[in-house]
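Peer 1: Hey, dropping data.cif in here, mmCIF, C-alpha atoms and all ligand atoms:
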data_final
#
loop_
_atom_site.label_atom_id
_atom_site.label_comp_id
_atom_site.auth_asym_id
_atom_site.auth_seq_id
_atom_site.Cartn_x
_atom_site.Cartn_y
_atom_site.Cartn_z
CA MET Q 1 0.00 0.00 0.00
CA LYS Q 2 1.27 3.52 -0.80
CA THR Q 3 2.13 5.94 2.02
CA PRO Q 4 -0.84 8.32 2.18
CA ALA Q 5 -0.34 11.70 0.53
CA PHE Q 6 -2.07 13.44 3.46
CA GLN Q 7 -1.41 14.09 7.15
CA HIS Q 8 -4.53 15.84 8.48
CA LEU Q 9 -7.54 13.63 7.85
CA LEU Q 10 -11.03 14.99 8.53
CA VAL Q 11 -13.34 12.09 9.40
CA THR Q 12 -17.04 12.99 9.51
CA GLY Q 13 -19.48 10.94 11.59
CA GLY Q 14 -16.65 9.37 13.60
CA CYS Q 15 -18.86 8.75 16.64
CA GLY Q 16 -21.20 6.52 14.64
CA PHE Q 17 -20.91 2.80 14.06
CA ILE Q 18 -18.55 2.56 11.08
CA GLY Q 19 -16.76 5.87 11.66
CA ALA Q 20 -15.77 4.88 15.22
CA ASN Q 21 -14.55 1.47 14.09
CA PHE Q 22 -12.61 3.20 11.30
CA ILE Q 23 -10.89 5.69 13.63
CA ARG Q 24 -9.97 2.91 16.06
CA HIS Q 25 -8.59 0.83 13.19
CA LEU Q 26 -6.67 3.73 11.68
CA LEU Q 27 -4.95 4.80 14.89
CA ASP Q 28 -4.43 1.35 16.40
CA GLU Q 29 -3.82 -0.92 13.43
CA THR Q 30 -2.27 1.04 10.54
CA ASP Q 31 1.01 2.91 10.15
CA PHE Q 32 -0.76 6.24 9.46
CA ALA Q 33 1.32 8.79 11.35
CA GLY Q 34 -0.86 11.87 10.88
CA ARG Q 35 -3.78 13.39 12.75
CA VAL Q 36 -7.49 12.55 12.70
CA ILE Q 37 -10.03 15.33 13.16
CA ASN Q 38 -13.42 13.80 13.95
CA VAL Q 39 -16.41 16.07 13.23
CA ASP Q 40 -19.69 14.71 14.50
CA LYS Q 41 -23.00 16.36 15.38
CA LEU Q 42 -23.71 13.66 18.00
CA THR Q 43 -27.17 12.65 16.86
CA TYR Q 44 -29.07 9.83 18.57
CA ALA Q 45 -26.90 7.33 16.62
CA ALA Q 46 -23.58 8.58 17.98
CA ASN Q 47 -21.84 7.38 21.10
CA PRO Q 48 -18.71 9.29 22.15
CA LEU Q 49 -17.95 6.40 24.53
CA SER Q 50 -16.93 4.45 21.41
CA LEU Q 51 -13.84 6.66 21.12
CA ALA Q 52 -13.08 7.42 24.77
CA ALA Q 53 -10.09 5.05 24.81
CA VAL Q 54 -8.72 6.46 21.54
CA ALA Q 55 -9.01 10.03 22.83
CA GLU Q 56 -7.01 9.05 25.91
CA LYS Q 57 -4.39 7.02 24.05
CA PHE Q 58 -3.72 9.49 21.20
CA PRO Q 59 -4.14 13.00 22.68
CA GLU Q 60 -1.87 14.55 20.02
CA ARG Q 61 -3.27 12.68 17.04
CA TYR Q 62 -7.00 12.64 17.71
CA VAL Q 63 -9.20 15.75 17.84
CA PHE Q 64 -12.97 15.84 18.31
CA VAL Q 65 -15.13 18.75 17.15
CA ARG Q 66 -18.87 18.70 17.68
CA ALA Q 67 -20.43 20.27 14.57
CA ASP Q 68 -23.05 19.76 11.89
CA ILE Q 69 -21.49 19.04 8.48
CA ALA Q 70 -24.07 21.36 6.92
CA ASP Q 71 -22.79 24.28 9.05
CA ARG Q 72 -20.51 25.92 6.52
CA ALA Q 73 -18.86 28.40 8.89
CA ALA Q 74 -18.07 25.78 11.54
CA LEU Q 75 -16.67 23.37 8.96
CA ALA Q 76 -14.59 26.10 7.27
CA ARG Q 77 -12.93 26.71 10.64
CA VAL Q 78 -12.20 23.01 11.00
CA PHE Q 79 -10.65 22.77 7.52
CA ASP Q 80 -8.39 25.74 8.23
CA ASP Q 81 -7.60 25.46 11.95
CA TYR Q 82 -6.44 21.87 11.41
CA ALA Q 83 -4.95 22.30 7.91
CA VAL Q 84 -7.18 19.48 6.66
CA ASP Q 85 -5.71 17.86 3.54
CA ALA Q 86 -8.03 14.85 3.14
CA VAL Q 87 -11.62 13.93 4.00
CA CYS Q 88 -13.21 10.59 4.80
CA HIS Q 89 -16.94 11.23 4.86
CA PHE Q 90 -19.10 8.83 6.90
CA ALA Q 91 -21.60 11.25 8.50
CA ALA Q 92 -25.15 10.52 7.48
CA GLU Q 93 -28.62 9.70 8.64
CA SER Q 94 -28.43 5.96 8.01
CA HIS Q 95 -31.59 4.11 9.02
CA VAL Q 96 -34.11 3.24 6.28
CA ASP Q 97 -37.11 2.95 8.64
CA ARG Q 98 -36.50 6.44 10.04
CA SER Q 99 -36.21 7.82 6.50
CA ILE Q 100 -39.65 6.41 5.70
CA VAL Q 101 -41.24 8.10 8.72
CA ARG Q 102 -39.42 11.44 8.41
CA PRO Q 103 -37.08 12.06 5.46
CA ASP Q 104 -36.19 15.69 6.39
CA ASP Q 105 -32.90 15.03 8.21
CA PHE Q 106 -31.81 12.65 5.44
CA ILE Q 107 -32.15 15.37 2.82
CA GLN Q 108 -30.49 17.95 5.06
CA THR Q 109 -27.48 15.89 6.20
CA ASN Q 110 -26.93 13.42 3.39
CA ILE Q 111 -27.44 15.83 0.48
CA LEU Q 112 -26.86 19.37 1.80
CA GLY Q 113 -24.22 18.26 4.31
CA THR Q 114 -22.25 16.43 1.62
CA TYR Q 115 -22.59 19.42 -0.72
CA THR Q 116 -21.22 21.73 2.00
CA LEU Q 117 -18.17 19.51 2.50
CA LEU Q 118 -17.57 19.26 -1.25
CA GLN Q 119 -17.65 23.05 -1.63
CA LEU Q 120 -15.26 23.58 1.27
CA ALA Q 121 -12.90 20.94 -0.12
CA ARG Q 122 -12.85 22.28 -3.66
CA GLU Q 123 -12.23 25.83 -2.42
CA ARG Q 124 -9.07 24.42 -0.78
CA LEU Q 125 -7.58 22.72 -3.83
CA PRO Q 126 -4.77 21.78 -4.37
CA ARG Q 127 -4.33 21.28 -0.61
CA ILE Q 128 -7.03 18.57 -0.56
CA LYS Q 129 -5.41 15.34 -1.70
CA ARG Q 130 -8.37 12.99 -1.27
CA PHE Q 131 -12.15 13.22 -0.64
CA HIS Q 132 -13.52 9.77 0.10
CA HIS Q 133 -17.29 9.40 0.21
CA VAL Q 134 -18.68 6.37 2.05
CA SER Q 135 -21.87 5.17 0.41
CA THR Q 136 -24.13 2.15 0.21
CA ASP Q 137 -25.17 -0.58 -2.23
CA GLU Q 138 -28.78 0.51 -1.59
CA VAL Q 139 -28.38 3.21 -4.30
CA PHE Q 140 -28.64 0.41 -6.89
CA GLY Q 141 -32.13 -0.63 -5.79
CA SER Q 142 -33.31 -4.22 -5.52
CA LEU Q 143 -32.13 -7.41 -7.27
CA GLY Q 144 -34.20 -10.41 -8.30
CA ALA Q 145 -33.15 -13.94 -7.43
CA THR Q 146 -29.92 -13.71 -9.47
CA GLY Q 147 -27.24 -11.18 -10.44
CA PHE Q 148 -24.94 -8.79 -8.58
CA PHE Q 149 -24.43 -5.03 -8.31
CA THR Q 150 -21.29 -3.87 -10.12
CA GLU Q 151 -19.79 -0.38 -10.29
CA THR Q 152 -21.69 0.20 -13.56
CA THR Q 153 -25.14 -0.91 -12.36
CA PRO Q 154 -27.58 1.99 -12.95
CA TYR Q 155 -28.80 3.78 -9.83
CA SER Q 156 -32.39 2.99 -8.82
CA PRO Q 157 -32.89 3.93 -5.16
CA ASN Q 158 -36.18 2.97 -3.52
CA SER Q 159 -36.19 4.56 -0.03
CA PRO Q 160 -35.72 8.19 1.00
CA TYR Q 161 -32.45 7.04 2.63
CA SER Q 162 -31.06 5.42 -0.50
CA ALA Q 163 -32.31 8.30 -2.68
CA SER Q 164 -30.47 10.80 -0.46
CA LYS Q 165 -27.28 8.71 -0.64
CA ALA Q 166 -27.66 8.42 -4.43
CA ALA Q 167 -27.98 12.22 -4.68
CA SER Q 168 -24.82 12.67 -2.62
CA ASP Q 169 -22.93 10.13 -4.77
CA HIS Q 170 -23.90 12.11 -7.88
CA LEU Q 171 -22.70 15.37 -6.33
CA VAL Q 172 -19.36 13.76 -5.42
CA ARG Q 173 -18.94 12.47 -8.96
CA ALA Q 174 -19.86 15.88 -10.42
CA PHE Q 175 -17.25 17.65 -8.25
CA HIS Q 176 -14.62 15.37 -9.74
CA GLU Q 177 -15.75 15.89 -13.32
CA THR Q 178 -16.29 19.62 -12.96
CA TYR Q 179 -13.63 20.80 -10.49
CA ARG Q 180 -11.16 17.86 -10.55
CA LEU Q 181 -11.64 17.29 -6.82
CA PRO Q 182 -9.71 14.02 -6.16
CA VAL Q 183 -12.72 12.00 -5.03
CA THR Q 184 -13.28 8.30 -4.46
CA VAL Q 185 -16.55 6.56 -3.59
CA SER Q 186 -17.25 3.19 -1.97
CA ASN Q 187 -20.66 1.49 -2.18
CA CYS Q 188 -20.72 -1.09 0.57
CA SER Q 189 -23.16 -3.81 1.59
CA ASN Q 190 -24.72 -4.20 5.08
CA ASN Q 191 -22.19 -3.92 7.90
CA TYR Q 192 -22.42 -5.59 11.30
CA GLY Q 193 -20.15 -5.71 14.34
CA PRO Q 194 -19.44 -3.91 17.63
CA LEU Q 195 -20.64 -0.32 18.22
CA GLN Q 196 -23.75 -0.43 15.98
CA PHE Q 197 -26.80 1.46 17.24
CA PRO Q 198 -29.45 -1.14 18.21
CA GLU Q 199 -32.09 -0.17 15.67
CA LYS Q 200 -30.45 -2.08 12.78
CA LEU Q 201 -31.32 -5.77 12.33
CA ILE Q 202 -28.37 -7.52 13.98
CA PRO Q 203 -27.86 -5.52 17.22
CA LEU Q 204 -31.63 -5.12 17.67
CA MET Q 205 -32.13 -8.88 17.45
CA ILE Q 206 -29.18 -9.60 19.77
CA LEU Q 207 -30.47 -7.31 22.52
CA ASN Q 208 -34.12 -8.34 22.16
CA ALA Q 209 -33.10 -12.00 22.26
CA LEU Q 210 -30.98 -11.38 25.34
CA GLU Q 211 -33.91 -9.68 27.09
CA GLY Q 212 -36.54 -12.20 25.97
CA GLN Q 213 -38.37 -9.57 23.85
CA PRO Q 214 -40.13 -10.30 20.53
CA LEU Q 215 -37.87 -10.49 17.44
CA PRO Q 216 -39.77 -8.54 14.74
CA VAL Q 217 -39.07 -9.98 11.28
CA TYR Q 218 -40.50 -7.91 8.42
CA GLY Q 219 -42.69 -9.63 5.81
CA ASP Q 220 -41.75 -13.26 5.12
CA GLY Q 221 -38.17 -12.84 6.40
CA ARG Q 222 -36.76 -13.95 3.05
CA ASN Q 223 -35.21 -10.64 2.00
CA VAL Q 224 -31.51 -11.08 1.32
CA ARG Q 225 -28.63 -8.88 2.48
CA ASP Q 226 -24.87 -9.34 1.89
CA TRP Q 227 -23.27 -8.99 5.34
CA LEU Q 228 -19.74 -7.63 5.90
CA PHE Q 229 -17.95 -7.40 9.25
CA VAL Q 230 -17.33 -3.73 9.98
CA THR Q 231 -13.52 -3.88 10.24
CA ASP Q 232 -13.42 -5.43 6.75
CA HIS Q 233 -15.25 -2.31 5.53
CA CYS Q 234 -12.69 -0.18 7.40
CA THR Q 235 -9.73 -1.90 5.72
CA ALA Q 236 -11.40 -1.34 2.33
CA VAL Q 237 -11.92 2.37 3.02
CA TRP Q 238 -8.31 2.78 4.16
CA ARG Q 239 -7.03 1.05 1.02
CA ILE Q 240 -9.13 3.30 -1.18
CA LEU Q 241 -7.96 6.42 0.70
CA CYS Q 242 -4.33 5.42 0.10
CA ASP Q 243 -4.42 3.72 -3.31
CA GLY Q 244 -7.77 4.47 -4.98
CA ALA Q 245 -7.79 6.14 -8.39
CA ASP Q 246 -9.11 9.71 -8.54
CA GLY Q 247 -12.76 9.67 -9.61
CA ALA Q 248 -13.14 5.90 -9.09
CA THR Q 249 -15.94 4.07 -7.31
CA TYR Q 250 -15.48 0.68 -5.64
CA ASN Q 251 -18.12 -1.83 -4.58
CA VAL Q 252 -17.35 -3.46 -1.21
CA GLY Q 253 -19.10 -6.59 0.01
CA GLY Q 254 -18.69 -9.80 1.95
CA ARG Q 255 -19.76 -12.38 -0.66
CA ASN Q 256 -22.05 -13.46 2.14
CA GLU Q 257 -25.69 -13.37 1.10
CA MET Q 258 -28.18 -14.43 3.73
CA GLU Q 259 -31.95 -14.35 4.17
CA ASN Q 260 -32.99 -12.28 7.19
CA LEU Q 261 -34.61 -15.27 8.86
CA ALA Q 262 -31.35 -17.24 8.65
CA VAL Q 263 -29.50 -14.33 10.28
CA VAL Q 264 -32.05 -14.12 13.10
CA ASN Q 265 -31.94 -17.90 13.67
CA ALA Q 266 -28.14 -17.77 13.87
CA ILE Q 267 -28.37 -14.96 16.45
CA CYS Q 268 -30.90 -16.94 18.51
CA ALA Q 269 -28.59 -19.97 18.58
CA LEU Q 270 -25.60 -17.85 19.68
CA VAL Q 271 -27.52 -15.98 22.38
CA ASP Q 272 -28.91 -19.30 23.69
CA GLU Q 273 -25.34 -20.60 23.84
CA LEU Q 274 -23.60 -17.54 25.30
CA ALA Q 275 -26.19 -15.90 27.60
CA ALA Q 276 -28.25 -17.04 30.56
CA PRO Q 277 -31.21 -19.25 29.52
CA LEU Q 278 -34.71 -17.81 29.19
CA PRO Q 279 -37.22 -18.71 31.95
CA GLY Q 280 -38.59 -22.19 31.34
CA GLY Q 281 -35.60 -23.02 29.12
CA LYS Q 282 -37.41 -21.64 26.04
CA SER Q 283 -35.36 -21.25 22.83
CA ARG Q 284 -34.88 -17.67 21.60
CA ARG Q 285 -36.28 -18.82 18.25
CA ASP Q 286 -39.71 -18.87 19.91
CA LEU Q 287 -39.45 -15.07 20.16
CA ILE Q 288 -39.48 -14.61 16.34
CA THR Q 289 -42.56 -12.63 15.36
CA PHE Q 290 -43.47 -11.88 11.74
CA VAL Q 291 -44.63 -8.25 11.43
CA LYS Q 292 -45.97 -6.00 8.66
CA ASP Q 293 -43.45 -5.53 5.86
CA ARG Q 294 -41.45 -2.31 5.40
CA PRO Q 295 -42.92 -0.20 2.55
CA GLY Q 296 -40.73 -0.39 -0.57
CA HIS Q 297 -38.67 -3.16 1.08
CA ASP Q 298 -35.79 -4.09 -1.27
CA ARG Q 299 -35.83 -7.86 -1.83
CA ARG Q 300 -32.18 -8.67 -2.40
CA TYR Q 301 -28.79 -6.94 -2.34
CA ALA Q 302 -25.64 -8.69 -3.56
CA ILE Q 303 -22.30 -7.07 -4.34
CA ASP Q 304 -19.73 -8.00 -6.94
CA CYS Q 305 -16.52 -6.73 -5.31
CA ALA Q 306 -14.12 -8.08 -7.99
CA LYS Q 307 -12.86 -4.55 -8.83
CA ILE Q 308 -11.50 -3.69 -5.38
CA GLU Q 309 -10.10 -7.22 -5.05
CA ARG Q 310 -8.36 -7.01 -8.42
CA GLU Q 311 -7.18 -3.37 -8.39
CA LEU Q 312 -6.40 -2.81 -4.70
CA GLY Q 313 -5.83 -6.35 -3.44
CA TRP Q 314 -8.52 -6.03 -0.75
CA ARG Q 315 -10.22 -9.12 0.69
CA PRO Q 316 -12.60 -9.51 3.63
CA ALA Q 317 -10.82 -11.25 6.52
CA LYS Q 318 -13.76 -12.39 8.70
CA SER Q 319 -16.21 -15.16 8.02
CA PHE Q 320 -19.84 -14.51 9.00
CA ALA Q 321 -19.73 -17.28 11.65
CA THR Q 322 -16.69 -15.75 13.39
CA GLY Q 323 -17.88 -12.17 12.97
CA LEU Q 324 -21.37 -12.86 14.30
CA ARG Q 325 -20.06 -14.76 17.34
CA ARG Q 326 -17.72 -11.87 18.10
CA THR Q 327 -20.56 -9.36 17.70
CA VAL Q 328 -22.95 -11.23 20.02
CA GLN Q 329 -20.19 -11.56 22.62
CA TRP Q 330 -19.39 -7.82 22.31
CA TYR Q 331 -23.01 -6.82 23.05
CA LEU Q 332 -23.06 -9.20 26.02
CA ASP Q 333 -19.83 -7.71 27.37
CA ASN Q 334 -20.65 -4.02 26.83
CA ALA Q 335 -23.81 -3.34 28.80
CA ALA Q 336 -22.63 0.17 29.76
CA TRP Q 337 -22.24 1.18 26.09
CA VAL Q 338 -25.70 -0.21 25.33
CA ARG Q 339 -27.27 1.58 28.33
CA GLN Q 340 -25.69 4.84 27.17
CA VAL Q 341 -27.12 4.78 23.62
CA ARG Q 342 -30.53 3.63 24.77
CA SER Q 343 -30.79 5.99 27.73
CA GLY Q 344 -33.37 8.77 27.74
CA ASP Q 345 -30.70 10.86 29.45
CA TYR Q 346 -28.32 10.57 26.54
CA GLN Q 347 -28.96 14.01 24.98
CA ARG Q 348 -28.65 15.63 28.44
CA TRP Q 349 -25.33 13.79 28.91
CA ILE Q 350 -24.07 15.09 25.56
CA ALA Q 351 -25.11 18.65 26.44
CA ALA Q 352 -23.23 18.42 29.74
CA HIS Q 353 -20.06 17.14 28.06
CA TYR Q 354 -20.05 18.93 24.72
CA GLY Q 355 -22.44 21.86 25.06
CA ALA Q 356 -26.06 21.94 23.81
P1 LIG R 1 -24.52 5.74 12.03
O1 LIG R 1 -25.95 6.17 11.91
O2 LIG R 1 -24.16 4.70 13.02
O3 LIG R 1 -23.59 6.99 12.34
C1 LIG R 1 -23.73 8.21 11.66
C2 LIG R 1 -22.89 9.26 12.41
O4 LIG R 1 -23.00 10.49 11.68
C3 LIG R 1 -23.36 9.52 13.84
O5 LIG R 1 -22.26 9.58 14.71
C4 LIG R 1 -24.06 10.88 13.73
O6 LIG R 1 -24.00 11.65 14.93
C5 LIG R 1 -23.26 11.54 12.62
N1 LIG R 1 -24.05 12.58 11.94
C6 LIG R 1 -25.32 12.49 11.49
N2 LIG R 1 -25.71 13.67 10.96
C7 LIG R 1 -24.65 14.51 11.07
C8 LIG R 1 -24.43 15.86 10.70
N3 LIG R 1 -25.39 16.58 10.10
N4 LIG R 1 -23.22 16.41 10.97
C9 LIG R 1 -22.24 15.69 11.58
N5 LIG R 1 -22.40 14.42 11.97
C10 LIG R 1 -23.60 13.83 11.71
O7 LIG R 1 -24.11 5.30 10.55
P2 LIG R 1 -23.10 4.16 10.07
O8 LIG R 1 -23.83 2.89 10.00
O9 LIG R 1 -21.85 4.28 10.83
O10 LIG R 1 -22.85 4.63 8.57
C11 LIG R 1 -21.78 5.50 8.23
C12 LIG R 1 -21.79 5.72 6.73
O11 LIG R 1 -21.68 4.48 6.04
C13 LIG R 1 -23.08 6.38 6.21
O12 LIG R 1 -22.73 7.31 5.23
C14 LIG R 1 -23.86 5.21 5.61
O13 LIG R 1 -24.69 5.66 4.57
C15 LIG R 1 -22.73 4.35 5.11
N6 LIG R 1 -23.03 2.90 5.01
C16 LIG R 1 -23.51 2.23 6.11
C17 LIG R 1 -23.74 0.87 6.02
C18 LIG R 1 -24.25 0.08 7.19
O14 LIG R 1 -24.54 -1.12 7.06
N7 LIG R 1 -24.36 0.66 8.40
C19 LIG R 1 -23.45 0.18 4.83
C20 LIG R 1 -22.95 0.92 3.74
C21 LIG R 1 -22.73 2.27 3.86
P1 LIG R 2 -31.49 -2.91 8.42
O1 LIG R 2 -30.53 -3.39 9.45
O2 LIG R 2 -32.45 -1.82 8.76
O3 LIG R 2 -30.61 -2.54 7.14
P2 LIG R 2 -31.09 -2.13 5.62
O4 LIG R 2 -32.54 -1.87 5.62
O5 LIG R 2 -30.30 -0.88 5.38
O6 LIG R 2 -30.68 -3.28 4.77
O7 LIG R 2 -32.33 -4.15 7.92
C1 LIG R 2 -31.72 -5.32 7.38
C2 LIG R 2 -32.83 -6.24 6.90
O8 LIG R 2 -33.56 -6.70 8.05
C3 LIG R 2 -33.85 -5.57 5.99
O9 LIG R 2 -34.27 -6.51 5.01
C4 LIG R 2 -34.99 -5.23 6.93
C5 LIG R 2 -34.95 -6.34 7.95
N1 LIG R 2 -35.39 -5.98 9.32
C6 LIG R 2 -36.34 -6.79 9.97
O10 LIG R 2 -36.84 -7.79 9.42
N2 LIG R 2 -36.70 -6.44 11.24
C7 LIG R 2 -36.19 -5.33 11.88
O11 LIG R 2 -36.59 -5.05 13.06
C8 LIG R 2 -35.22 -4.55 11.20
C9 LIG R 2 -34.63 -3.32 11.87
C10 LIG R 2 -34.84 -4.91 9.93
#
Before we go any further, please render this structure as structure tokens.
Ligand code: NAD
Ligand code: TYD
Peer 2:
Amino acid sequence: MKTPAFQHLLVTGGCGFIGANFIRHLLDETDFAGRVINVDKLTYAANPLSLAAVAEKFPERYVFVRADIADRAALARVFDDYAVDAVCHFAAESHVDRSIVRPDDFIQTNILGTYTLLQLARERLPRIKRFHHVSTDEVFGSLGATGFFTETTPYSPNSPYSASKAASDHLVRAFHETYRLPVTVSNCSNNYGPLQFPEKLIPLMILNALEGQPLPVYGDGRNVRDWLFVTDHCTAVWRILCDGADGATYNVGGRNEMENLAVVNAICALVDELAAPLPGGKSRRDLITFVKDRPGHDRRYAIDCAKIERELGWRPAKSFATGLRRTVQWYLDNAAWVRQVRSGDYQRWIAAHYGA
């Protein structure tokens, strides 16, 4: 891998699930010697506890700034105060169900926030050496029983979330074509692992199973997702930041398609094995409850990640069986983290620590 051409990396959304795993990976596991500036608004999905150890261990190389990426003046100060020369953009509203109920924040953050960052970056050319935009395979829409998404699959987003991500991908591409901003884009499949907010399928099912609560499976439970362990996504993003071609997009996936019901059954078996038994010795599988389907629910996602494998030599390292066991164990071992993100006091805690 090439030595990165930058030293002052702005990471947006670093207190969220993937961003926090990425910052931990970057500082702990790579030879990057520069500084990370984490800008996060601290929405409901963030948990600053995820980076408490990093902040303590790397006081010179890790900076946190609480700000909204759509706040142009605040972000301009960050770019200049910290001599930012590269951006890795994770910040987003990320949950499909929330986007169905109330799309406003998705349009504001995912589209206008990304546009604000792009403008600030292009005004600072040639200082900006890389602008990496983290996106999703959901921009491609839904597959039938066969086939895979490639980098040339036409966009066909079906939810307000995926439409807002598609819009931001197009803006990123346009800033490369029009202003020669050195952008890269990754479109990744569903991530799972430690530090994920428990509204997404896997952590929600783990915690509900642990607590003996119903496990709500949408529709017939036969929708297919391609699951990737989060640190495998992080290694892909780091490779692209260092070695990706300007203007290129890369699909990232786990070659691990599974029906939702199979995922939930696997979680039930692991929680039965690793946690205290339910009263009466009931199996967690008995908690599975089929509920009304999500409107516009995409049937199947599957990623062809041959390009990043071929051009950048990236491969996922974790099998689903190992990754899922590790994830279940992490949620069992980190009750304080879980209490924090689920607590009604969370916004008050943030205000006390970081200002309103
Ligand atoms: P997340 O919801 O866990 O975290 C998002 C983070 O962004 C939070 O810390 C939040 O506070 C922050 N944020 C939100 N709005 C902001 C704003 N206006 N200004 C500054 N910070 C703001 O999301 P995630 O799962 O970590 O996803 C990160 C990125 O990866 C997103 O762009 C998402 O679209 C993409 N992605 C996610 C998945 C997945 O399976 N989770 C898969 C592919 C791509
Ligand atoms: P989710 O984790 O929300 O990710 P995405 O919608 O971005 O793929 O959902 C993954 C799959 O699990 C999706 O097909 C919807 C389904 N699902 C349920 O069946 N029940 C649930 O409670 C949730 C949150 C998701």
Peer 1: Which residues form the shell of 7 Å around ligand LIG 2 (chain R) when you count all atoms listed in the file, given as a list in words?
Peer 2: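 So the residues close to ligand LIG 2 (chain R) are His95, Val96, Asp97, Asn190, Glu199, Lys200, Leu201, Ile202, Leu204, Pro216, Val217, Tyr218, Gly221, Asn223, Val224, Arg225, Asn260, His297 and Asp298 of chain Q.
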Peer 1: Residues of chain Q that have any atom at most 6 Å from an atom of ligand LIG 1 (chain R): could you tabulate them with the shortest-distance atom pair and the distance in Å to one decimal, using all atoms listed in the file, ordered by chain and increasing number, as a tab-separated table?
Peer 2:
residue	atom	partner	partner_atom	distance
Q:Gly13	CA	R:LIG1	O4	3.5
Q:Gly14	CA	R:LIG1	O5	5.7
Q:Cys15	CA	R:LIG1	O5	4.0
Q:Gly16	CA	R:LIG1	O5	3.2
Q:Phe17	CA	R:LIG1	O9	3.7
Q:Ile18	CA	R:LIG1	O9	3.7
Q:Gly19	CA	R:LIG1	O9	5.4
Q:Asp40	CA	R:LIG1	N5	3.7
Q:Lys41	CA	R:LIG1	C9	3.9
Q:Leu42	CA	R:LIG1	O6	3.7
Q:Thr43	CA	R:LIG1	O6	3.8
Q:Ala45	CA	R:LIG1	O1	4.9
Q:Ala46	CA	R:LIG1	O5	3.7
Q:Ala67	CA	R:LIG1	C9	5.8
Q:Asp68	CA	R:LIG1	N4	3.5
Q:Ile69	CA	R:LIG1	N4	4.0
Q:Ala70	CA	R:LIG1	N3	5.9
Q:Phe90	CA	R:LIG1	C12	4.1
Q:Ala91	CA	R:LIG1	O4	3.6
Q:Ala92	CA	R:LIG1	C6	4.5
Q:Glu93	CA	R:LIG1	C6	5.2
Q:Ser94	CA	R:LIG1	O1	4.6
Q:Thr109	CA	R:LIG1	N3	4.5
Q:Val134	CA	R:LIG1	O12	5.2
Q:Ser135	CA	R:LIG1	C21	4.6
Q:Thr136	CA	R:LIG1	C21	3.9
Q:Cys188	CA	R:LIG1	C20	4.4
Q:Ser189	CA	R:LIG1	C19	5.1
Q:Asn190	CA	R:LIG1	O14	3.7
Q:Asn191	CA	R:LIG1	O14	3.8
Q:Gln196	CA	R:LIG1	O2	5.9
Q:Phe197	CA	R:LIG1	O2	5.9
Peer 1: Save the residues we just selected, C-alpha atoms, as a PDB file, in the frame of the given file?
Peer 2:
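Listing of out_23.pdb after writing:
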ATOM      1  CA  GLY Q  13     -19.480  10.940  11.590  1.00  0.00           C
ATOM      2  CA  GLY Q  14     -16.650   9.370  13.600  1.00  0.00           C
ATOM      3  CA  CYS Q  15     -18.860   8.750  16.640  1.00  0.00           C
ATOM      4  CA  GLY Q  16     -21.200   6.520  14.640  1.00  0.00           C
ATOM      5  CA  PHE Q  17     -20.910   2.800  14.060  1.00  0.00           C
ATOM      6  CA  ILE Q  18     -18.550   2.560  11.080  1.00  0.00           C
ATOM      7  CA  GLY Q  19     -16.760   5.870  11.660  1.00  0.00           C
ATOM      8  CA  ASP Q  40     -19.690  14.710  14.500  1.00  0.00           C
ATOM      9  CA  LYS Q  41     -23.000  16.360  15.380  1.00  0.00           C
ATOM     10  CA  LEU Q  42     -23.710  13.660  18.000  1.00  0.00           C
ATOM     11  CA  THR Q  43     -27.170  12.650  16.860  1.00  0.00           C
ATOM     12  CA  ALA Q  45     -26.900   7.330  16.620  1.00  0.00           C
ATOM     13  CA  ALA Q  46     -23.580   8.580  17.980  1.00  0.00           C
ATOM     14  CA  ALA Q  67     -20.430  20.270  14.570  1.00  0.00           C
ATOM     15  CA  ASP Q  68     -23.050  19.760  11.890  1.00  0.00           C
ATOM     16  CA  ILE Q  69     -21.490  19.040   8.480  1.00  0.00           C
ATOM     17  CA  ALA Q  70     -24.070  21.360   6.920  1.00  0.00           C
ATOM     18  CA  PHE Q  90     -19.100   8.830   6.900  1.00  0.00           C
ATOM     19  CA  ALA Q  91     -21.600  11.250   8.500  1.00  0.00           C
ATOM     20  CA  ALA Q  92     -25.150  10.520   7.480  1.00  0.00           C
ATOM     21  CA  GLU Q  93     -28.620   9.700   8.640  1.00  0.00           C
ATOM     22  CA  SER Q  94     -28.430   5.960   8.010  1.00  0.00           C
ATOM     23  CA  THR Q 109     -27.480  15.890   6.200  1.00  0.00           C
ATOM     24  CA  VAL Q 134     -18.680   6.370   2.050  1.00  0.00           C
ATOM     25  CA  SER Q 135     -21.870   5.170   0.410  1.00  0.00           C
ATOM     26  CA  THR Q 136     -24.130   2.150   0.210  1.00  0.00           C
ATOM     27  CA  CYS Q 188     -20.720  -1.090   0.570  1.00  0.00           C
ATOM     28  CA  SER Q 189     -23.160  -3.810   1.590  1.00  0.00           C
ATOM     29  CA  ASN Q 190     -24.720  -4.200   5.080  1.00  0.00           C
ATOM     30  CA  ASN Q 191     -22.190  -3.920   7.900  1.00  0.00           C
ATOM     31  CA  GLN Q 196     -23.750  -0.430  15.980  1.00  0.00           C
ATOM     32  CA  PHE Q 197     -26.800   1.460  17.240  1.00  0.00           C
TER      33      PHE Q 197
END
Peer 1: Using only C-alpha atoms, which residues sit within 10 Å of Leu117 (chain Q) once same-chain residues fewer than 6 positions away are excluded, as a list of chain:residue names?
Peer 2: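 In the requested form, the answer reads Q:Thr12, Q:Ile69, Q:Ala70, Q:Asp71, Q:Arg72, Q:Leu75, Q:Ala76, Q:Phe79, Q:Val87, Q:His89, Q:Glu123, Q:Phe131, Q:Val172.
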